[in-house]
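Novice: Supplied in structure tokens, the structure appears directly below.
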Amino acid sequence: MTETVYETITLQATQEGLAVVTLNRPDVHNAFNALVIEELRDAFEVISDQETIRMMILRGNGPSFSAGADLNWMKQAAELHTRDDNEDDAQKLAAMLQALYDMPQMTLALVHGAAMGGGAGLVAACDVAVAMTGTKFRFSEVRLGLTPATISPYVIDAIGPRRARALFVTAETFDAEYAERMGLVHYVVADQAGMTAMEEHIANLVFAAAPGAVADAKKLVADVTGEIIDKDLGHETARRIAARRSSDEGKEGVAAFLEKRKPSWSR
């Protein structure tokens with residue numbers, strides 16, 4: 001296992017193709033500041049460029065996944081930063097979330113304790129999320145006179161506009177079970193043993209899938225969502241499956257199925 005050294009996060013990667021990014025400011029419940037955002041974006045971009053990495057896990061060290069924005073950082077922004085400074089900070093947060101959302105690898109959030117504001121945004125930007133019973137979620141920005149602007153595309157995509165609007169305007173705290181019912185998380189587990197078991201289950205699924213097909217499937221969802229179902233869309237989706245069938249992965253996958261063996265990418 002290799003480890004990249006950062007100040008506020010850790011990045012570990014195994015030879016088998018698993019990367020683990022851990023938010024590592026446990027004393028402040030892994031709250032965001034400018035350095036956290038910068039280091040997360042760098043880690044996501046490093047992982048994206050590594051063809052040998054097939055899955056990324058995002059988790060938090062200490063009692064919480066992430067409490068959202070660091071209050072001291074927000075106070076400094078309010079008191080000392082110009083509007084241009086604040087916009088620059090927000091653009092960096094938006095770019096970090098975009099880097100996470102655009103990763104070609106499968107991304108998994110393992111959530112415990114609390115996921116507030118931007119922390120919940122990280123959850124929404126991942127492909128799959130598992131939360132432990134007792135985890136608390138909240139989009140608390142309006143209580144501070146703010147809005148959850150940068151995370152809104154990912155949250156709305158995950159839970160839909162009506163639920164997002166209700167949670168954005170009320171800043172109501174909700175639990176893991178409600179997060180699962182509305183689609184912010186996919187699975188709820190009782191304890192750490194359950195979290196580990198679910199992590200292993202999802203990893204087994206990912207490592208049985210062709211990595212190029214996983215990347216193309218993620219892009220397919222992004223490109224097809226919201227499009228009118230018409231002849232042009234049918235032509236585009238037909239073009240994509242034809243490209244997959246004629247790809248090296250497509251040929252290997254079909255051959256392996258017919259020959260009753262594992263494909264070359266399956267561990």
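Residues are named by chain letter and number: chains run A, B, ... in the order of the structure tokens, numbers start at 1 in each chain, and ligands are numbered from 1 in the order shown.
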Would you mind listing, for every residue of segment 154-211 of chain A within 10 Å of segment 215-238 of chain A, the two atoms forming the shortest contact and the distance between them in Å to one decimal, using only C-alpha atoms, sorted by chain and ascending residue number, as JSON lines?

Specialist:
{"residue": "A:Asp157", "atom": "CA", "partner": "A:Thr225", "partner_atom": "CA", "distance": 9.6}
{"residue": "A:Ala210", "atom": "CA", "partner": "A:Ala215", "partner_atom": "CA", "distance": 8.9}
{"residue": "A:Pro211", "atom": "CA", "partner": "A:Ala215", "partner_atom": "CA", "distance": 6.4}

Novice: Mind checking DSSP for segment 68-126 of chain A and telling me the strand (DSSP E) residues as a list of chain:residue names?

Specialist: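 Here are the strand (DSSP E) residues of segment 68-126 of chain A: A:Met106, A:Thr107, A:Leu108, A:Ala109, A:Leu110, A:Val111, A:Ala114, A:Ala115, A:Met116.
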
Novice: Can you pull out the residues contacting Asp27 of chain A? Cut-off 9 Å, using only C-alpha atoms, and skip same-chain residues under 2 positions away; I want them as a JSON list (two decimals) with N, CA, C and O atoms, in the first residue's frame.

Specialist:
[["chain", "number", "residue", "atom", "x", "y", "z"],
["A", 24, "ASN", "N", -9.14, 14.11, 7.55],
["A", 24, "ASN", "CA", -8.33, 13.86, 8.74],
["A", 24, "ASN", "C", -8.15, 15.12, 9.58],
["A", 24, "ASN", "O", -7.03, 15.53, 9.88],
["A", 25, "ARG", "N", -9.28, 15.73, 9.96],
["A", 25, "ARG", "CA", -9.28, 16.82, 10.94],
["A", 25, "ARG", "C", -10.28, 16.44, 12.04],
["A", 25, "ARG", "O", -11.30, 17.13, 12.24],
["A", 29, "HIS", "N", -14.26, 17.80, 13.57],
["A", 29, "HIS", "CA", -15.24, 16.97, 12.86],
["A", 29, "HIS", "C", -15.07, 17.05, 11.34],
["A", 29, "HIS", "O", -16.02, 17.05, 10.59],
["A", 30, "ASN", "N", -13.80, 17.12, 10.92],
["A", 30, "ASN", "CA", -13.45, 17.13, 9.49],
["A", 30, "ASN", "C", -14.14, 18.26, 8.72],
["A", 30, "ASN", "O", -14.58, 18.09, 7.58],
["A", 62, "GLY", "N", -12.28, 10.01, 13.00],
["A", 62, "GLY", "CA", -12.84, 10.60, 14.20],
["A", 62, "GLY", "C", -14.34, 10.42, 14.31],
["A", 62, "GLY", "O", -14.92, 9.53, 13.70],
["A", 63, "PRO", "N", -15.01, 11.30, 15.06],
["A", 63, "PRO", "CA", -16.43, 11.08, 15.38],
["A", 63, "PRO", "C", -17.40, 11.39, 14.25],
["A", 63, "PRO", "O", -18.56, 11.01, 14.34]]

Novice: Tell me which protein, DNA and RNA residues are within 9 Å of Ala179 of chain A, counting only C-alpha atoms, leaving out same-chain ones fewer than 5 positions away, and put them as a ChimeraX atom specification.

Specialist: /A:131,137,159,174,184-186,188

Novice: Would you write out those residues with N, CA and C atoms, as a compact mmCIF listing (two decimals), in the first residue's frame?

Specialist:
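Saved result, out.txt, follows:
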# COMPACT_ATOMS: atom_id res chain seq x y z
N ALA A 131 -24.38 4.73 5.01
CA ALA A 131 -24.39 5.49 6.26
C ALA A 131 -24.66 4.57 7.44
N PHE A 137 -27.74 14.26 9.28
CA PHE A 137 -27.52 15.07 8.07
C PHE A 137 -28.27 16.39 8.22
N ILE A 159 -31.61 13.65 -4.82
CA ILE A 159 -32.88 13.50 -4.09
C ILE A 159 -34.07 14.17 -4.76
N PHE A 174 -31.95 15.44 9.64
CA PHE A 174 -32.59 14.16 9.35
C PHE A 174 -31.60 13.04 9.55
N LEU A 184 -30.34 9.96 -0.81
CA LEU A 184 -29.03 10.58 -0.55
C LEU A 184 -28.00 9.51 -0.23
N VAL A 185 -28.41 8.47 0.48
CA VAL A 185 -27.55 7.30 0.69
C VAL A 185 -28.29 6.07 0.17
N HIS A 186 -27.53 5.03 -0.12
CA HIS A 186 -28.11 3.82 -0.71
C HIS A 186 -28.32 2.70 0.29
N VAL A 188 -28.08 1.64 4.70
CA VAL A 188 -27.86 1.99 6.10
C VAL A 188 -27.45 0.73 6.83

Novice: So that I can check the surroundings of Ile202 of chain A, please list as a PyMOL selection string every protein, DNA and RNA residue that reaches within 9 Å of it, counting only C-alpha atoms and ignoring chain neighbours fewer than 5 positions away.

Specialist: chain A and resi 108+128+197+207

Novice: Convert the current residue selection to file output with N, CA and C atoms, as a PDB file, in the first residue's frame.

Specialist:
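Generated output (selection.pdb):
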ATOM      1  N   LEU A 108     -17.252   5.607  -3.512  1.00  0.00           N
ATOM      2  CA  LEU A 108     -18.081   5.137  -2.409  1.00  0.00           C
ATOM      3  C   LEU A 108     -17.840   6.004  -1.181  1.00  0.00           C
ATOM      4  N   VAL A 128     -22.033   5.890  -4.802  1.00  0.00           N
ATOM      5  CA  VAL A 128     -22.758   5.079  -3.820  1.00  0.00           C
ATOM      6  C   VAL A 128     -22.389   5.600  -2.442  1.00  0.00           C
ATOM      7  N   ALA A 197     -18.638  -4.929   6.188  1.00  0.00           N
ATOM      8  CA  ALA A 197     -19.233  -5.959   5.327  1.00  0.00           C
ATOM      9  C   ALA A 197     -19.791  -5.344   4.048  1.00  0.00           C
ATOM     10  N   PHE A 207     -14.992  -4.788  -8.556  1.00  0.00           N
ATOM     11  CA  PHE A 207     -13.844  -5.479  -9.134  1.00  0.00           C
ATOM     12  C   PHE A 207     -14.248  -6.645 -10.033  1.00  0.00           C
TER      13      PHE A 207
END

Novice: I want to know what sits within 12 Å of Asp89 of chain A, based on only C-alpha atoms, with residues of the same chain fewer than 3 positions away left out; could you give that as a VMD selection string?

Specialist: chain A and resid 32 to 38 69 73 to 74 76 to 78 81 to 86 92 to 96 150

Novice: Would you kindly return, as a list in words, each protein, DNA or RNA residue with an atom no farther than 7 Å from any atom of segment 243-253 of chain A, considering only C-alpha atoms and excluding same-chain residues fewer than 4 positions away?

Specialist: Ala210, Arg239, Phe257 and Pro263 of chain A

Novice: Kindly save the residues from that selection, with C-alpha atoms included, as a CSV table (one decimal), in the first residue's frame.

Specialist:
chain,number,residue,atom,x,y,z
A,210,ALA,CA,-14.8,-3.8,-16.5
A,239,ARG,CA,-23.8,4.2,-31.0
A,257,PHE,CA,-19.2,-15.4,-20.4
A,263,PRO,CA,-12.8,-12.0,-17.5

Novice: So, with only C-alpha atoms as the atoms that count, which of A:Ala203, A:Leu71, A:Ala31, A:Arg163 lies closest to Leu122 of chain A?

Specialist: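 Result for the nearest residue to Leu122 of chain A: A:Ala31.
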
Novice: For the structure I just gave you, how does DSSP split segment 29-267 of chain A - specifically, which residues are alpha helix (DSSP H)? Reply as an MDAnalysis selection string.

Specialist: chainID A and resid 34:48 71:80 83:101 118:125 152:159 161:170 176:182 192:207 211:224 231:245 248:258
